[in-house]
>>> print(open('upload_30.cif').read())   # mmCIF, C-alpha atoms
data_target
#
loop_
_atom_site.label_atom_id
_atom_site.label_comp_id
_atom_site.auth_asym_id
_atom_site.auth_seq_id
_atom_site.Cartn_x
_atom_site.Cartn_y
_atom_site.Cartn_z
CA MET J 8 -72.57 -29.33 -25.12
CA LEU J 9 -76.14 -29.71 -26.28
CA SER J 10 -78.68 -27.96 -24.07
CA PRO J 11 -80.90 -30.14 -21.84
CA LEU J 12 -83.84 -28.23 -23.33
CA PHE J 13 -83.51 -30.54 -26.35
CA LYS J 14 -85.45 -33.79 -25.84
CA LEU J 15 -84.42 -36.23 -28.57
CA VAL J 16 -87.25 -37.89 -30.50
CA ASP J 17 -87.62 -39.65 -33.84
CA PHE J 18 -88.91 -38.21 -37.11
CA ALA J 19 -91.98 -40.40 -36.69
CA ASP J 20 -92.76 -38.35 -33.57
CA CYS J 21 -92.97 -35.12 -35.61
CA PRO J 22 -96.66 -34.82 -36.63
CA GLY J 23 -97.03 -34.66 -40.41
CA TRP J 24 -93.31 -34.99 -41.12
CA ARG J 25 -93.66 -37.23 -44.17
CA ASP J 26 -96.39 -35.03 -45.68
CA ASP J 27 -94.29 -31.88 -45.81
CA GLN J 28 -92.70 -30.48 -48.98
CA HIS J 29 -89.11 -30.85 -47.89
CA LEU J 30 -87.61 -29.65 -51.17
CA GLU J 31 -88.70 -26.08 -50.40
CA ALA J 32 -86.89 -26.24 -47.06
CA PHE J 33 -83.80 -27.76 -48.68
CA ARG J 34 -83.60 -24.89 -51.17
CA ALA J 35 -83.80 -22.39 -48.30
CA LEU J 36 -81.04 -24.29 -46.47
CA ALA J 37 -78.94 -24.27 -49.64
CA ARG J 38 -79.04 -20.46 -49.73
CA SER J 39 -77.52 -20.35 -46.26
CA ALA J 40 -74.98 -22.98 -47.33
CA GLU J 41 -73.76 -20.65 -50.08
CA GLN J 42 -73.62 -17.63 -47.76
CA VAL J 43 -71.47 -19.31 -45.09
CA GLN J 44 -68.66 -19.64 -47.63
CA VAL J 45 -68.41 -15.86 -47.39
CA LYS J 46 -68.81 -15.58 -43.61
CA PRO J 47 -69.66 -18.32 -41.09
CA TYR J 48 -72.59 -17.88 -38.74
CA LYS J 49 -72.06 -17.29 -35.03
CA SER J 50 -73.00 -20.25 -32.87
CA GLY J 51 -75.96 -19.98 -30.51
CA SER J 52 -75.59 -20.83 -26.85
CA LEU J 53 -77.83 -23.93 -26.83
CA GLY J 54 -75.21 -26.17 -28.40
CA ILE J 55 -76.06 -26.51 -32.11
CA SER J 56 -72.80 -24.99 -33.29
CA PHE J 57 -71.82 -23.70 -36.70
CA GLU J 58 -69.00 -26.26 -36.70
CA ALA J 59 -71.57 -29.06 -36.46
CA LEU J 60 -73.63 -27.57 -39.29
CA ALA J 61 -70.66 -26.83 -41.58
CA PRO J 62 -70.31 -30.35 -43.12
CA ILE J 63 -74.08 -30.40 -43.71
CA PHE J 64 -73.88 -27.10 -45.54
CA ALA J 65 -70.98 -28.46 -47.59
CA ASP J 66 -72.92 -31.61 -48.52
CA SER J 67 -75.93 -29.54 -49.59
CA ARG J 68 -73.69 -27.65 -52.01
CA GLU J 69 -72.48 -30.90 -53.59
CA THR J 70 -75.61 -33.06 -53.51
CA ILE J 71 -78.21 -32.87 -56.27
CA VAL J 72 -81.64 -32.80 -54.63
CA GLU J 73 -84.64 -32.51 -56.95
CA THR J 74 -87.60 -34.10 -55.16
CA ASP J 75 -89.28 -33.92 -51.76
CA GLY J 76 -88.24 -37.50 -51.11
CA GLU J 77 -84.59 -36.75 -51.80
CA ALA J 78 -84.75 -33.66 -49.60
CA ARG J 79 -86.41 -35.59 -46.76
CA ALA J 80 -83.69 -38.26 -47.02
CA PHE J 81 -81.03 -35.54 -46.82
CA PHE J 82 -82.45 -34.12 -43.58
CA GLU J 83 -82.96 -37.58 -42.06
CA LYS J 84 -79.38 -38.55 -42.94
CA TRP J 85 -77.77 -35.57 -41.23
CA PHE J 86 -80.15 -34.73 -38.38
CA ARG J 87 -82.23 -36.09 -35.55
CA PRO J 88 -85.20 -34.08 -34.24
CA ALA J 89 -85.36 -32.81 -30.67
CA LEU J 90 -88.45 -31.32 -29.06
CA ILE J 91 -87.57 -28.08 -27.31
CA GLU J 92 -88.95 -28.24 -23.79
CA ASN J 93 -89.70 -24.61 -23.10
CA THR J 94 -89.03 -23.61 -19.51
CA GLU J 95 -90.24 -20.03 -19.98
CA ALA J 96 -93.90 -20.78 -20.76
CA ALA J 97 -96.39 -23.59 -21.17
CA GLY J 98 -95.15 -24.21 -24.70
CA GLY J 99 -93.69 -22.69 -27.81
CA PHE J 100 -95.22 -19.72 -29.59
CA VAL J 101 -95.13 -18.39 -33.15
CA THR J 102 -96.02 -15.08 -34.71
CA GLY J 103 -95.69 -13.97 -38.33
CA PHE J 104 -93.94 -11.29 -40.32
CA TYR J 105 -93.88 -10.30 -43.97
CA GLU J 106 -92.50 -7.81 -46.46
CA PRO J 107 -95.06 -5.05 -47.07
CA GLU J 108 -95.50 -3.57 -50.54
CA VAL J 109 -96.45 0.09 -50.82
CA VAL J 110 -96.55 2.86 -53.42
CA ALA J 111 -93.72 5.37 -52.87
CA SER J 112 -92.27 8.49 -54.43
CA PRO J 113 -88.55 9.20 -54.87
CA VAL J 114 -89.23 12.83 -53.91
CA ARG J 115 -91.46 14.59 -51.42
CA THR J 116 -94.79 15.73 -52.85
CA ALA J 117 -98.05 17.05 -51.49
CA ARG J 118 -99.28 13.44 -51.34
CA PHE J 119 -96.11 11.58 -50.34
CA THR J 120 -94.74 13.18 -47.18
CA VAL J 121 -93.57 10.37 -44.87
CA PRO J 122 -89.88 9.50 -45.42
CA PHE J 123 -87.78 6.39 -44.98
CA LEU J 124 -84.30 7.39 -43.82
CA ARG J 125 -80.79 6.09 -44.42
CA ARG J 126 -78.44 5.49 -41.51
CA PRO J 127 -77.12 8.85 -40.20
CA ALA J 128 -73.38 9.43 -40.01
CA ASP J 129 -73.49 10.15 -36.28
CA LEU J 130 -75.16 6.83 -35.43
CA ILE J 131 -72.46 4.50 -34.12
CA ASP J 132 -72.39 0.88 -33.04
CA ILE J 133 -71.79 0.53 -29.34
CA ASP J 134 -70.64 -2.39 -27.21
CA ASP J 135 -68.77 -2.99 -23.98
CA ASN J 136 -65.56 -1.66 -25.54
CA ASN J 137 -66.89 1.86 -26.14
CA ARG J 138 -69.92 2.06 -23.85
CA PRO J 139 -69.71 5.03 -21.42
CA GLU J 140 -70.04 4.28 -17.75
CA GLY J 141 -73.69 4.23 -16.72
CA PHE J 142 -74.95 3.96 -20.32
CA ASP J 143 -77.88 1.55 -20.66
CA PRO J 144 -76.32 -1.86 -21.52
CA TYR J 145 -79.31 -2.68 -23.73
CA PHE J 146 -78.27 -0.13 -26.36
CA ALA J 147 -76.31 -1.42 -29.35
CA PHE J 148 -76.39 2.00 -31.06
CA ALA J 149 -75.73 5.53 -29.86
CA ARG J 150 -75.09 9.07 -31.10
CA GLN J 151 -71.57 10.42 -31.37
CA THR J 152 -71.35 14.08 -30.35
CA PRO J 153 -68.38 16.40 -29.71
CA ALA J 154 -69.08 15.98 -26.01
CA GLY J 155 -69.16 12.19 -26.20
CA VAL J 156 -71.56 9.30 -26.76
CA VAL J 157 -75.23 9.86 -25.91
CA GLU J 158 -78.55 8.11 -26.49
CA TYR J 159 -79.76 8.57 -30.08
CA PHE J 160 -82.87 10.52 -31.02
CA ASP J 161 -85.98 8.36 -30.59
CA ARG J 162 -89.05 7.99 -32.81
CA PRO J 163 -90.93 11.07 -31.48
CA ALA J 164 -87.84 13.26 -31.93
CA ILE J 165 -87.05 12.00 -35.43
CA GLU J 166 -90.64 12.26 -36.64
CA SER J 167 -90.73 15.79 -35.20
CA GLY J 168 -87.79 16.79 -37.41
CA ALA J 169 -84.58 15.99 -35.50
CA LEU J 170 -82.87 14.69 -38.67
CA GLU J 171 -84.36 17.03 -41.27
CA GLY J 172 -81.94 18.70 -43.66
CA ARG J 173 -79.36 15.90 -43.68
CA GLY J 174 -80.39 14.40 -47.02
CA LEU J 175 -81.15 10.98 -45.53
CA GLU J 176 -84.45 10.43 -47.33
CA ILE J 177 -84.61 7.30 -49.54
CA ALA J 178 -88.27 7.58 -50.56
CA TYR J 179 -91.60 8.88 -49.30
CA VAL J 180 -94.94 7.17 -48.68
CA GLU J 181 -98.38 8.60 -48.11
CA SER J 182 -99.37 7.01 -44.82
CA GLN J 183 -97.70 7.30 -41.42
CA ILE J 184 -99.44 4.05 -40.49
CA ASP J 185 -97.94 2.22 -43.49
CA ALA J 186 -94.51 3.58 -42.57
CA PHE J 187 -94.90 2.48 -38.94
CA PHE J 188 -95.69 -1.11 -39.89
CA ILE J 189 -92.82 -1.18 -42.36
CA HIS J 190 -90.58 -0.19 -39.45
CA VAL J 191 -92.02 -3.08 -37.45
CA GLN J 192 -91.40 -5.54 -40.30
CA GLY J 193 -87.94 -4.14 -41.07
CA ALA J 194 -88.26 -4.20 -44.88
CA ALA J 195 -90.59 -3.33 -47.74
CA ARG J 196 -91.01 -3.40 -51.49
CA LEU J 197 -91.58 0.05 -52.93
CA LYS J 198 -93.68 0.42 -56.06
CA MET J 199 -92.15 3.71 -57.16
CA THR J 200 -94.24 6.30 -58.93
CA ASP J 201 -91.60 6.36 -61.69
CA GLY J 202 -92.32 2.70 -62.51
CA ARG J 203 -89.44 1.02 -60.68
CA LEU J 204 -89.79 -1.77 -58.13
CA ARG J 205 -87.34 -1.13 -55.31
CA ARG J 206 -86.70 -2.64 -51.91
CA ILE J 207 -85.65 -1.14 -48.62
CA THR J 208 -84.27 -3.31 -45.86
CA TYR J 209 -82.95 -2.86 -42.35
CA ALA J 210 -79.67 -0.97 -41.96
CA ALA J 211 -79.63 0.08 -38.29
CA LYS J 212 -81.85 1.43 -35.53
CA THR J 213 -81.72 4.00 -32.77
CA GLY J 214 -81.27 1.34 -30.12
CA HIS J 215 -84.33 2.05 -28.02
CA ARG J 216 -86.40 -0.86 -26.77
CA PHE J 217 -89.20 -2.01 -29.01
CA THR J 218 -92.66 -1.42 -27.53
CA GLY J 219 -95.55 -3.34 -29.04
CA ILE J 220 -98.52 -1.01 -29.39
CA GLY J 221 -100.85 -4.00 -29.56
CA LYS J 222 -100.06 -4.74 -25.92
CA ILE J 223 -101.00 -1.17 -25.02
CA LEU J 224 -104.32 -1.52 -26.81
CA LEU J 225 -104.97 -4.78 -24.97
CA GLU J 226 -104.11 -3.40 -21.55
CA SER J 227 -106.26 -0.31 -22.10
CA GLY J 228 -109.23 -2.40 -23.27
CA GLU J 229 -109.28 -0.73 -26.70
CA VAL J 230 -109.03 -4.11 -28.46
CA ALA J 231 -110.36 -7.38 -27.07
CA PRO J 232 -107.86 -10.24 -26.72
CA ASP J 233 -109.77 -12.48 -29.13
CA ARG J 234 -109.65 -9.74 -31.78
CA MET J 235 -105.97 -8.84 -31.46
CA SER J 236 -104.10 -8.98 -34.76
CA MET J 237 -102.06 -6.73 -36.97
CA GLN J 238 -105.22 -5.95 -38.91
CA SER J 239 -107.10 -4.87 -35.77
CA ILE J 240 -104.23 -2.59 -34.75
CA ARG J 241 -104.23 -0.96 -38.19
CA SER J 242 -107.99 -0.51 -38.01
CA TRP J 243 -107.76 1.14 -34.61
CA LEU J 244 -105.10 3.57 -35.85
CA ALA J 245 -107.16 4.44 -38.92
CA ASP J 246 -110.30 4.93 -36.81
CA HIS J 247 -108.56 7.17 -34.26
CA PRO J 248 -106.49 9.68 -36.28
CA ASP J 249 -106.40 12.09 -33.33
CA ARG J 250 -104.77 9.47 -31.08
CA ALA J 251 -102.81 7.37 -33.57
CA GLN J 252 -99.53 9.29 -33.49
CA ALA J 253 -99.40 9.34 -29.69
CA LEU J 254 -99.90 5.58 -29.62
CA MET J 255 -97.21 4.91 -32.23
CA TRP J 256 -94.79 7.19 -30.39
CA ASN J 257 -94.92 4.79 -27.45
CA ASN J 258 -92.60 2.68 -29.60
CA ARG J 259 -89.43 4.77 -29.33
CA SER J 260 -87.43 2.38 -31.52
CA TYR J 261 -86.83 3.80 -34.99
CA ILE J 262 -85.41 1.90 -37.98
CA PHE J 263 -83.01 3.18 -40.65
CA PHE J 264 -82.98 1.52 -44.06
CA ARG J 265 -80.78 0.85 -47.05
CA GLU J 266 -81.81 0.38 -50.67
CA ALA J 267 -81.65 -3.00 -52.37
CA ASP J 268 -82.58 -4.40 -55.76
CA VAL J 269 -85.38 -6.92 -56.26
CA ASP J 270 -83.36 -9.62 -58.02
CA ASP J 271 -85.96 -12.38 -57.57
CA ALA J 272 -89.56 -11.33 -57.05
CA THR J 273 -90.40 -14.75 -55.57
CA LEU J 274 -88.04 -14.23 -52.62
CA GLY J 275 -88.13 -11.83 -49.71
CA PRO J 276 -85.51 -9.38 -48.46
CA ILE J 277 -82.02 -10.30 -47.38
CA ALA J 278 -82.26 -10.58 -43.61
CA ALA J 279 -79.97 -11.17 -40.64
CA ALA J 280 -78.55 -14.44 -42.00
CA LYS J 281 -77.55 -12.55 -45.18
CA VAL J 282 -79.76 -14.61 -47.49
CA PRO J 283 -83.10 -13.77 -49.12
CA LEU J 284 -86.00 -15.01 -47.03
CA THR J 285 -88.30 -17.72 -48.38
CA GLY J 286 -92.02 -17.31 -47.77
CA GLY J 287 -93.32 -20.14 -45.60
CA ARG J 288 -89.83 -21.56 -45.01
CA SER J 289 -87.71 -18.89 -43.30
CA LEU J 290 -87.92 -18.52 -39.54
CA ALA J 291 -86.77 -15.71 -37.24
CA VAL J 292 -85.31 -17.03 -33.98
CA ASP J 293 -83.46 -15.82 -30.91
CA ARG J 294 -79.97 -15.60 -32.40
CA LEU J 295 -78.29 -15.65 -28.99
CA LEU J 296 -79.69 -19.14 -28.43
CA HIS J 297 -79.86 -20.61 -31.93
CA THR J 298 -77.50 -20.75 -34.90
CA PHE J 299 -78.63 -19.44 -38.26
CA GLY J 300 -79.13 -22.22 -40.79
CA THR J 301 -80.54 -24.62 -38.21
CA PRO J 302 -83.68 -26.41 -39.45
CA PHE J 303 -86.75 -26.36 -37.18
CA TYR J 304 -89.86 -28.43 -37.65
CA ILE J 305 -92.78 -26.33 -36.42
CA HIS J 306 -96.09 -27.95 -35.50
CA ALA J 307 -98.92 -25.51 -34.74
CA PRO J 308 -102.16 -27.51 -35.10
CA ASP J 309 -104.44 -24.51 -34.53
CA LEU J 310 -102.72 -22.43 -37.21
CA LYS J 311 -104.57 -22.73 -40.53
CA ALA J 312 -102.33 -20.85 -42.94
CA PHE J 313 -100.33 -21.36 -46.13
CA GLY J 314 -103.11 -23.50 -47.59
CA GLY J 315 -102.96 -26.33 -45.04
CA GLU J 316 -105.35 -27.83 -42.52
CA ARG J 317 -102.69 -27.37 -39.84
CA PHE J 318 -99.24 -25.85 -39.82
CA ALA J 319 -96.59 -28.58 -39.83
CA ARG J 320 -93.51 -27.42 -41.72
CA LEU J 321 -89.77 -27.59 -41.83
CA MET J 322 -88.35 -24.07 -41.52
CA ILE J 323 -84.81 -22.72 -41.67
CA ALA J 324 -83.54 -20.18 -39.11
CA GLN J 325 -82.56 -17.17 -41.24
CA ASP J 326 -83.58 -14.05 -39.32
CA THR J 327 -83.99 -12.62 -35.84
CA GLY J 328 -85.81 -9.80 -34.08
CA SER J 329 -85.80 -7.93 -30.81
CA ALA J 330 -89.19 -9.40 -29.86
CA ILE J 331 -88.07 -12.99 -30.57
CA VAL J 332 -86.77 -14.12 -27.20
CA GLY J 333 -86.65 -17.70 -25.96
CA ALA J 334 -85.75 -21.19 -27.11
CA ALA J 335 -89.23 -22.06 -28.41
CA ARG J 336 -90.17 -18.71 -29.90
CA GLY J 337 -90.25 -17.98 -33.62
CA ASP J 338 -91.51 -15.59 -36.27
CA LEU J 339 -92.70 -17.20 -39.52
CA PHE J 340 -91.90 -15.29 -42.72
CA ALA J 341 -95.11 -15.28 -44.75
CA GLY J 342 -93.76 -13.70 -47.95
CA SER J 343 -94.24 -10.34 -49.66
CA GLY J 344 -97.28 -8.20 -50.42
CA ASP J 345 -100.81 -7.80 -49.08
CA ALA J 346 -101.75 -11.49 -49.20
CA ALA J 347 -98.72 -12.37 -47.12
CA GLY J 348 -99.63 -9.56 -44.73
CA GLU J 349 -103.07 -11.08 -44.21
CA ILE J 350 -101.43 -14.37 -43.26
CA ALA J 351 -98.73 -12.86 -41.04
CA GLY J 352 -101.11 -10.57 -39.21
CA GLY J 353 -103.19 -13.47 -37.95
CA ILE J 354 -100.37 -15.67 -36.63
CA ARG J 355 -100.30 -15.78 -32.83
CA HIS J 356 -100.34 -19.47 -32.03
CA GLU J 357 -98.94 -22.03 -29.65
CA ALA J 358 -96.53 -24.39 -31.38
CA ASP J 359 -94.15 -27.26 -30.78
CA PHE J 360 -90.59 -26.61 -31.87
CA TYR J 361 -88.48 -29.55 -33.03
CA ALA J 362 -84.88 -28.50 -33.61
CA LEU J 363 -83.04 -30.70 -36.09
CA VAL J 364 -79.83 -31.58 -34.26
CA PRO J 365 -76.77 -32.59 -36.31
CA ARG J 366 -76.09 -36.25 -35.66
CA VAL J 367 -72.40 -35.52 -35.11
CA LEU J 368 -73.40 -33.92 -31.79
CA LEU J 369 -75.12 -37.15 -30.72
CA ALA J 370 -72.24 -39.57 -31.16
CA ASP J 371 -72.07 -40.28 -27.42
CA ARG J 372 -75.84 -40.32 -26.81
#
>>> encode(input="upload_30.cif", output="structure tokens")
Amino acid sequence: MLSPLFKLVDFADCPGWRDDQHLEAFRALARSAEQVQVKPYKSGSLGISFEALAPIFADSRETIVETDGEARAFFEKWFRPALIENTEAAGGFVTGFYEPEVVASPVRTARFTVPFLRRPADLIDIDDNNRPEGFDPYFAFARQTPAGVVEYFDRPAIESGALEGRGLEIAYVESQIDAFFIHVQGAARLKMTDGRLRRITYAAKTGHRFTGIGKILLESGEVAPDRMSMQSIRSWLADHPDRAQALMWNNRSYIFFREADVDDATLGPIAAAKVPLTGGRSLAVDRLLHTFGTPFYIHAPDLKAFGGERFARLMIAQDTGSAIVGAARGDLFAGSGDAAGEIAGGIRHEADFYALVPRVLLADR
């Protein structure tokens, strides 16, 4: 059953709908349509099920779509928009993320000392089937020891050497601050000193709760609310080298990575929906509520990014994140590299979320 949070409207009610470049969104949708032939997506709890999306995915694989007009007609044929009435806040909210690009060395040197680590062998997935009594139900990962399952080492322990000597290092970068933000983003392109372009992407994490250090800086008065951005956090860390590590260690969550090729330099990393992200078209959502592959029309009139006067774009749900919680909460993928980072770092805006609901779910409405 479709959630009552969805208030059905018409496409004419979506500001700027006809001005969008729908072909870009269709191509992002088509990547998910190919992936679901390998493994279907899990359905979110708000009622837009994978089963309802499946015939749309199938049609996108068979239909030739070459223009924005044809793509817009495709979406209008299969979907009807619904404004998400957010009960958790005054309205919807978007932030941004991107794929950083940084110079890295395949070996430790005097300059490159900060490692990215592979998943350790003693890090296990944990759920209600193997969770010890009294173990924090939040944790989806834990450490297997001869004495049983325990909480995994956190960021301070790992960065103090808890995993040294295991041969887990993928590559090394120069800056602890760069490494920290790559952990926050969950992926990066590595410009290797040997000339290769490599990619690391999320493999697992320790399981600890994510703590946003920007919130700490706000609450302590170190950064004013009207100046808060990713760039201002980086500046504070660079300006306070004697306090930077202690601040970053407040975020106990630590990410492990895996290596990946850069097959198409125009696309981002393969994320939770198992497809490469598309800059300006892929959206991270709360995967417990929403189903990957669902299109969302996002209207954020105060957001001036991606070359437009206002942000009004059709996005495809293709990623998630521990900080993305709620029906009208999303993270916009801005792309790869420094320019994308400048865009992503400034996105903290109220937005209206229009979920595109498969018409098959509206037969009796």
>>> resolve_selection(input="upload_30.cif", expression="the PyMOL selection byres ((chain J and resi 110-120) around 10)", output="ChimeraX atom specification")
/J:108-109,121-123,176-183,196-205
>>> resolve_selection(input="upload_30.cif", expression="the PyMOL selection byres ((chain J and resi 256) around 10)", output="list in words")
Asp161, Arg162, Pro163, Ala164, Glu166, Phe187, Thr218, Ile220, Ala251, Gln252, Ala253, Leu254, Met255, Asn257, Asn258, Arg259, Ser260 and Tyr261 of chain J
>>> write_last_selection(input="upload_30.cif", atoms="C-alpha atoms", output="PDB file, in the coordinates of the input")
ATOM      1  CA  ASP J 161     -85.980   8.360 -30.590  1.00  0.00           C
ATOM      2  CA  ARG J 162     -89.050   7.990 -32.810  1.00  0.00           C
ATOM      3  CA  PRO J 163     -90.930  11.070 -31.480  1.00  0.00           C
ATOM      4  CA  ALA J 164     -87.840  13.260 -31.930  1.00  0.00           C
ATOM      5  CA  GLU J 166     -90.640  12.260 -36.640  1.00  0.00           C
ATOM      6  CA  PHE J 187     -94.900   2.480 -38.940  1.00  0.00           C
ATOM      7  CA  THR J 218     -92.660  -1.420 -27.530  1.00  0.00           C
ATOM      8  CA  ILE J 220     -98.520  -1.010 -29.390  1.00  0.00           C
ATOM      9  CA  ALA J 251    -102.810   7.370 -33.570  1.00  0.00           C
ATOM     10  CA  GLN J 252     -99.530   9.290 -33.490  1.00  0.00           C
ATOM     11  CA  ALA J 253     -99.400   9.340 -29.690  1.00  0.00           C
ATOM     12  CA  LEU J 254     -99.900   5.580 -29.620  1.00  0.00           C
ATOM     13  CA  MET J 255     -97.210   4.910 -32.230  1.00  0.00           C
ATOM     14  CA  ASN J 257     -94.920   4.790 -27.450  1.00  0.00           C
ATOM     15  CA  ASN J 258     -92.600   2.680 -29.600  1.00  0.00           C
ATOM     16  CA  ARG J 259     -89.430   4.770 -29.330  1.00  0.00           C
ATOM     17  CA  SER J 260     -87.430   2.380 -31.520  1.00  0.00           C
ATOM     18  CA  TYR J 261     -86.830   3.800 -34.990  1.00  0.00           C
TER      19      TYR J 261
END
>>> closest_residue(input="upload_30.cif", among="J:Phe104, J:Ala319, J:Ser227, J:Phe148", to="Ala341 in chain J", atoms="all atoms listed in the file")
J:Phe104
>>> atom_distance(input="upload_30.cif", atom1="CA of Leu170 in chain J", atom2="CA of Ser329 in chain J")
24.1 Å
>>> residues_around(input="upload_30.cif", residues="Phe100 in chain J", least_positions_apart="2", cutoff="10 Å", atoms="all atoms listed in the file", output="list in words")
Asn93, Ala96, Ala97, Gly98, Thr102, Ile305, Ala307, Ile331, Gly333, Ala334, Ala335, Arg336, Gly337, Asp338, Ile354, Arg355, His356, Glu357, Ala358, Asp359 and Phe360 of chain J
>>> write_last_selection(input="upload_30.cif", atoms="C-alpha atoms", output="PDB file, in the frame of the given file")
ATOM      1  CA  ASN J  93     -89.700 -24.610 -23.100  1.00  0.00           C
ATOM      2  CA  ALA J  96     -93.900 -20.780 -20.760  1.00  0.00           C
ATOM      3  CA  ALA J  97     -96.390 -23.590 -21.170  1.00  0.00           C
ATOM      4  CA  GLY J  98     -95.150 -24.210 -24.700  1.00  0.00           C
ATOM      5  CA  THR J 102     -96.020 -15.080 -34.710  1.00  0.00           C
ATOM      6  CA  ILE J 305     -92.780 -26.330 -36.420  1.00  0.00           C
ATOM      7  CA  ALA J 307     -98.920 -25.510 -34.740  1.00  0.00           C
ATOM      8  CA  ILE J 331     -88.070 -12.990 -30.570  1.00  0.00           C
ATOM      9  CA  GLY J 333     -86.650 -17.700 -25.960  1.00  0.00           C
ATOM     10  CA  ALA J 334     -85.750 -21.190 -27.110  1.00  0.00           C
ATOM     11  CA  ALA J 335     -89.230 -22.060 -28.410  1.00  0.00           C
ATOM     12  CA  ARG J 336     -90.170 -18.710 -29.900  1.00  0.00           C
ATOM     13  CA  GLY J 337     -90.250 -17.980 -33.620  1.00  0.00           C
ATOM     14  CA  ASP J 338     -91.510 -15.590 -36.270  1.00  0.00           C
ATOM     15  CA  ILE J 354    -100.370 -15.670 -36.630  1.00  0.00           C
ATOM     16  CA  ARG J 355    -100.300 -15.780 -32.830  1.00  0.00           C
ATOM     17  CA  HIS J 356    -100.340 -19.470 -32.030  1.00  0.00           C
ATOM     18  CA  GLU J 357     -98.940 -22.030 -29.650  1.00  0.00           C
ATOM     19  CA  ALA J 358     -96.530 -24.390 -31.380  1.00  0.00           C
ATOM     20  CA  ASP J 359     -94.150 -27.260 -30.780  1.00  0.00           C
ATOM     21  CA  PHE J 360     -90.590 -26.610 -31.870  1.00  0.00           C
TER      22      PHE J 360
END
>>> atom_distance(input="upload_30.cif", atom1="CA of Ser10 in chain J", atom2="CA of Ile55 in chain J")
8.6 Å
>>> closest_residue(input="upload_30.cif", among="J:Pro88, J:Gly51, J:Pro11, J:Pro127", to="Lys212 in chain J", atoms="all atoms listed in the file")
J:Pro127
>>> resolve_selection(input="upload_30.cif", expression="the PyMOL selection byres ((chain J and resi 268-278) around 9)", output="count of residues only")
28
>>> residues_around(input="upload_30.cif", residues="Trp24 in chain J", least_positions_apart="6", cutoff="10 Å", atoms="only C-alpha atoms", output="ChimeraX atom specification")
/J:18,79,304-306,319-321
>>> atom_distance(input="upload_30.cif", atom1="CA of Phe64 in chain J", atom2="CA of Ala37 in chain J")
7.1 Å
>>> residues_around(input="upload_30.cif", residues="range 57-59 of chain J", least_positions_apart="4", cutoff="10 Å", atoms="only C-alpha atoms", output="VMD selection string")
chain J and resid 43 47 to 51 63 to 64 297 to 301 364 to 368
>>> closest_residue(input="upload_30.cif", among="J:Ile350, J:Leu363, J:Ile240, J:Ala35", to="Ile91 in chain J", atoms="only C-alpha atoms")
J:Leu363
>>> closest_residue(input="upload_30.cif", among="J:Ser236, J:Arg250, J:Gly315, J:Ala149", to="Asp134 in chain J", atoms="all atoms listed in the file")
J:Ala149
>>> closest_residue(input="upload_30.cif", among="J:Leu12, J:Ala32, J:Ala65, J:Ala291", to="Glu77 in chain J", atoms="all atoms listed in the file")
J:Ala32
>>> residues_near_point(input="upload_30.cif", point="(-80.8, 6.9, -43.0)", cutoff="7 Å", atoms="only C-alpha atoms", output="list in words")
Leu124, Arg125, Arg126, Pro127, Leu175, Glu176, Phe263 and Phe264 of chain J
>>> build_atoms(input="upload_30.cif", residues="range 35-45 of chain J", atoms="N, CA and C atoms", output="short mmCIF file (atom, residue, chain, number, x, y, z; two decimals), keeping the file's coordinate frame")
data_model
loop_
_atom_site.label_atom_id
_atom_site.label_comp_id
_atom_site.auth_asym_id
_atom_site.auth_seq_id
_atom_site.Cartn_x
_atom_site.Cartn_y
_atom_site.Cartn_z
N ALA J 35 -84.10 -23.48 -49.23
CA ALA J 35 -83.80 -22.39 -48.30
C ALA J 35 -82.49 -22.67 -47.56
N LEU J 36 -82.30 -23.92 -47.13
CA LEU J 36 -81.04 -24.29 -46.47
C LEU J 36 -79.86 -24.06 -47.40
N ALA J 37 -80.03 -24.40 -48.68
CA ALA J 37 -78.94 -24.27 -49.64
C ALA J 37 -78.50 -22.81 -49.80
N ARG J 38 -79.43 -21.87 -49.64
CA ARG J 38 -79.04 -20.46 -49.73
C ARG J 38 -78.12 -20.09 -48.57
N SER J 39 -78.42 -20.59 -47.38
CA SER J 39 -77.52 -20.35 -46.26
C SER J 39 -76.19 -21.05 -46.48
N ALA J 40 -76.22 -22.24 -47.08
CA ALA J 40 -74.98 -22.98 -47.33
C ALA J 40 -74.04 -22.22 -48.26
N GLU J 41 -74.60 -21.49 -49.20
CA GLU J 41 -73.76 -20.65 -50.08
C GLU J 41 -73.21 -19.45 -49.31
N GLN J 42 -74.04 -18.83 -48.48
CA GLN J 42 -73.62 -17.63 -47.76
C GLN J 42 -72.48 -17.92 -46.78
N VAL J 43 -72.49 -19.05 -46.11
CA VAL J 43 -71.47 -19.31 -45.09
C VAL J 43 -70.08 -19.49 -45.69
N GLN J 44 -69.99 -19.63 -47.01
CA GLN J 44 -68.66 -19.64 -47.63
C GLN J 44 -68.04 -18.25 -47.59
N VAL J 45 -68.88 -17.24 -47.50
CA VAL J 45 -68.41 -15.86 -47.39
C VAL J 45 -68.09 -15.52 -45.94
#
